[in-house]
Amino acid sequence: MRRFLATKVGKILSRLVLGGVGLGVGLVLVSLLREATLSTHQAIDPDSTIEVIVRARSHNAEDNQTLDEMVEAQLLTCRLEVTSDMVGPLRTEGDGQFRALFAPSMDQTNRRQFKGCVEDFVIDGVQIDVLSLAEPE
Amino acid sequence: MRIVAWLAGIGTLLAGLIYMVLSLNRWEWNRALFFAMIVLIAEVALATGLVLRKLSAIEYSQRHPPDPALRDILRASRPPSADRFAWLHEASNRTSVFITFLVGGGIILSGVAWVMDRVASKTTTPVGEQRLTRQLGSISYPRGGLVVDDVTVLAQDVPGADDAQIRKLLRRAGHA
């Protein structure tokens with residue numbers, strides 16, 4: 001009887017411990033994800049600028065749409081998610097590489113948000129990788 | 001074949017979940033939605049498979065009920081369950097048990113310390129710092145410092161202005 005009770009209590013305890021560990025791991029993961037996706041903005045000099053260099057490729061794109069147009073459209077769409085605007089034209093550097101200037105500069109949260117948007121599935125048939133996103137020297 | 005299907009379903013679920021979290025972390029919302037959809041599809045497929053397996057097991061057991069006599073023989077011939085912790089009862093006063101508990105306790109304590117370290121490190125997040133900045137703003141020094149301005153210095157010369165607090169401030173600032 002005593003052994004039966006000990007086994008029963010042991011099973012319940014082990015389930016409780018496992019449940020607690022699972023709950024703790026879940027809470028830590030959710031809090032990490034919350035921290036990673038929460039906006040924390042800092043003050044930015046309004047006269048500052050930031051330069052983005054991207055590499056783009058298209059696959060099964062519409063016939064009348066060029067890669068330049070699609071990259072510019074995606075950059076203009078993504079700048080709506082941050083506080084910066086594109087200043088000057090989109091410069092083509094060949095081999096699918098483009099360069100654009102934005103003002104004012106972006107804080108760390110805006111940089112992550114902008115980079116995530118540019119590399120996301122926004123326009124069908126085009127995939128863009130951000131090579132650099134930094135303030136020009 | 002069935003095992004391959006189960007493994008493919010579980011692999012799809014786990015991979016979709018991992019990529020969904022990664023996409024959320026990278027602020028790639030459309031990708032995160034896409035992978036979340038994959039996770040949902042895999043989850044529904046696995047749940048459906050589990051329900052169907054359970055139903056078929058019930059159906060099989062109803063069609064082929066076990067022979068009660070054979071079941072009783074099997075139960076009677078079942079060996080007693082092994083007491084895997086017998087060594088703990090017999091050798092509780094030996095050093096080996098002490099070492100086992102020491103090592104086990106060390107592992108548990110290390111785990112607790114790791115969890116505490118992770119929790120403590122989360123108390124200094126950028127969000128927390130911003131909140132602390134707002135809270136400290138109410139008790140921060142006034143802009144321009146504590147030295148009194150000329151107007152306050154001249155205020156003590158006004159006839160009838162005999163304020164003990166102003167005089168105390170002026171003494172501290174070295175003006176009186």
# chains A, B, ... in the order shown; residues from 1 in each chain; ligands from 1
>>> interface_residues(of="chain B", to="chain A", cutoff="10 Å", atoms="only C-alpha atoms", output="list in words")
Val21, Leu22, Ser23, Leu24, Asn25, Arg26, Trp27, Glu28, Trp29, Asn30, Arg31, Ala32, Phe34, Asp83, Val115, Arg118, Val119, Lys122, Thr125, Pro126, Val127 and Gln130 of chain B
>>> write_last_selection(atoms="N, CA and C atoms", output="mmCIF file, in the first residue's frame")
data_model
loop_
_atom_site.group_PDB
_atom_site.id
_atom_site.type_symbol
_atom_site.label_atom_id
_atom_site.label_comp_id
_atom_site.auth_asym_id
_atom_site.auth_seq_id
_atom_site.Cartn_x
_atom_site.Cartn_y
_atom_site.Cartn_z
ATOM 1 N N VAL B 21 8.664 31.663 -35.259
ATOM 2 C CA VAL B 21 9.273 32.464 -34.188
ATOM 3 C C VAL B 21 10.433 33.293 -34.735
ATOM 4 N N LEU B 22 11.250 32.680 -35.613
ATOM 5 C CA LEU B 22 12.367 33.416 -36.205
ATOM 6 C C LEU B 22 11.859 34.612 -37.023
ATOM 7 N N SER B 23 10.804 34.398 -37.802
ATOM 8 C CA SER B 23 10.262 35.487 -38.619
ATOM 9 C C SER B 23 9.680 36.587 -37.750
ATOM 10 N N LEU B 24 9.016 36.203 -36.658
ATOM 11 C CA LEU B 24 8.504 37.223 -35.737
ATOM 12 C C LEU B 24 9.659 38.028 -35.152
ATOM 13 N N ASN B 25 10.734 37.313 -34.802
ATOM 14 C CA ASN B 25 11.893 37.988 -34.225
ATOM 15 C C ASN B 25 12.547 38.949 -35.225
ATOM 16 N N ARG B 26 12.437 38.611 -36.524
ATOM 17 C CA ARG B 26 13.031 39.481 -37.559
ATOM 18 C C ARG B 26 12.038 40.512 -38.084
ATOM 19 N N TRP B 27 10.869 40.596 -37.498
ATOM 20 C CA TRP B 27 9.831 41.550 -37.916
ATOM 21 C C TRP B 27 9.373 41.280 -39.346
ATOM 22 N N GLU B 28 9.349 40.033 -39.745
ATOM 23 C CA GLU B 28 8.873 39.687 -41.083
ATOM 24 C C GLU B 28 7.471 39.094 -40.935
ATOM 25 N N TRP B 29 6.487 39.996 -40.915
ATOM 26 C CA TRP B 29 5.136 39.576 -40.515
ATOM 27 C C TRP B 29 4.491 38.648 -41.545
ATOM 28 N N ASN B 30 4.666 38.930 -42.831
ATOM 29 C CA ASN B 30 4.034 38.067 -43.844
ATOM 30 C C ASN B 30 4.616 36.654 -43.804
ATOM 31 N N ARG B 31 5.939 36.573 -43.626
ATOM 32 C CA ARG B 31 6.557 35.240 -43.499
ATOM 33 C C ARG B 31 6.038 34.540 -42.248
ATOM 34 N N ALA B 32 5.914 35.302 -41.141
ATOM 35 C CA ALA B 32 5.420 34.705 -39.892
ATOM 36 C C ALA B 32 3.998 34.170 -40.081
ATOM 37 N N PHE B 34 2.672 33.186 -42.890
ATOM 38 C CA PHE B 34 2.769 32.027 -43.771
ATOM 39 C C PHE B 34 3.153 30.777 -42.978
ATOM 40 N N ASP B 83 11.982 -3.202 -8.495
ATOM 41 C CA ASP B 83 12.182 -2.036 -7.632
ATOM 42 C C ASP B 83 13.509 -1.392 -8.026
ATOM 43 N N VAL B 115 18.153 29.675 -14.238
ATOM 44 C CA VAL B 115 16.842 30.312 -14.423
ATOM 45 C C VAL B 115 16.827 31.688 -13.753
ATOM 46 N N ARG B 118 18.725 34.138 -15.807
ATOM 47 C CA ARG B 118 17.960 34.583 -16.980
ATOM 48 C C ARG B 118 16.894 35.592 -16.574
ATOM 49 N N VAL B 119 16.201 35.289 -15.466
ATOM 50 C CA VAL B 119 15.144 36.196 -15.002
ATOM 51 C C VAL B 119 15.750 37.535 -14.598
ATOM 52 N N LYS B 122 16.628 39.759 -17.395
ATOM 53 C CA LYS B 122 15.475 40.362 -18.076
ATOM 54 C C LYS B 122 14.981 41.607 -17.367
ATOM 55 N N THR B 125 15.786 45.446 -19.288
ATOM 56 C CA THR B 125 15.441 45.551 -20.699
ATOM 57 C C THR B 125 15.318 47.026 -21.083
ATOM 58 N N PRO B 126 15.391 47.343 -22.384
ATOM 59 C CA PRO B 126 15.181 48.739 -22.805
ATOM 60 C C PRO B 126 13.837 49.289 -22.354
ATOM 61 N N VAL B 127 12.816 48.447 -22.353
ATOM 62 C CA VAL B 127 11.502 48.913 -21.894
ATOM 63 C C VAL B 127 11.569 49.278 -20.420
ATOM 64 N N GLN B 130 13.365 52.568 -19.926
ATOM 65 C CA GLN B 130 12.514 53.721 -20.233
ATOM 66 C C GLN B 130 11.527 53.975 -19.098
#
>>> residues_around(residues="A:Glu72", least_positions_apart="6", cutoff="12 Å", atoms="only C-alpha atoms", output="PyMOL selection string")
chain A and resi 52+54+56+65-66+78-79+86+88-92+97-101+118+123+126+128
>>> atom_distance(atom1="atom CA of A:Ser84", atom2="atom CA of B:Glu129")
25.0 Å
>>> select_by_dssp(residues="chain A", states="strand (DSSP E or B)", output="ChimeraX atom specification")
/A:50-58,85-94,97-103,126-134
>>> select_by_dssp(residues="stretch 33-157 of chain B", states="helix (DSSP H, G or I)", output="ChimeraX atom specification")
/B:33-63,68-76,86-90,95-124,126-137,150-155
>>> residues_around(residues="stretch 41-45 of chain B", least_positions_apart="2", cutoff="9 Å", atoms="only C-alpha atoms", output="list in words")
Gly9, Ile10, Thr12, Leu13, Gly16, Ala36, Met37, Ile38, Val39, Ala47, Thr48, Gly49 and Leu50 of chain B
>>> write_last_selection(atoms="C-alpha atoms", output="CSV table (one decimal), in the first residue's frame")
chain,number,residue,atom,x,y,z
B,9,GLY,CA,3.9,15.8,-39.9
B,10,ILE,CA,5.9,16.3,-36.7
B,12,THR,CA,6.7,20.1,-40.5
B,13,LEU,CA,5.0,21.3,-37.3
B,16,GLY,CA,7.0,25.8,-39.1
B,36,ALA,CA,1.8,30.1,-38.8
B,37,MET,CA,-0.5,28.8,-41.5
B,38,ILE,CA,1.8,25.8,-42.1
B,39,VAL,CA,1.9,25.1,-38.4
B,47,ALA,CA,-4.7,15.9,-34.6
B,48,THR,CA,-6.9,14.2,-37.3
B,49,GLY,CA,-4.4,11.4,-37.6
B,50,LEU,CA,-4.4,10.8,-33.8
>>> closest_residue(among="A:Val21, A:Leu131, A:Met70, A:Ile50", to="A:Asn110", atoms="only C-alpha atoms")
A:Ile50
>>> residues_around(residues="A:Asp47", least_positions_apart="4", cutoff="9 Å", atoms="only C-alpha atoms", output="list in words")
Ala103, Pro104 and Ser105 of chain A
>>> write_last_selection(atoms="C-alpha atoms", output="PDB file, in the first residue's frame")
ATOM      1  CA  ALA A 103      16.170  60.885 -43.880  1.00  0.00           C
ATOM      2  CA  PRO A 104      16.066  61.206 -40.953  1.00  0.00           C
ATOM      3  CA  SER A 105      18.081  58.253 -39.723  1.00  0.00           C
TER       4      SER A 105
END
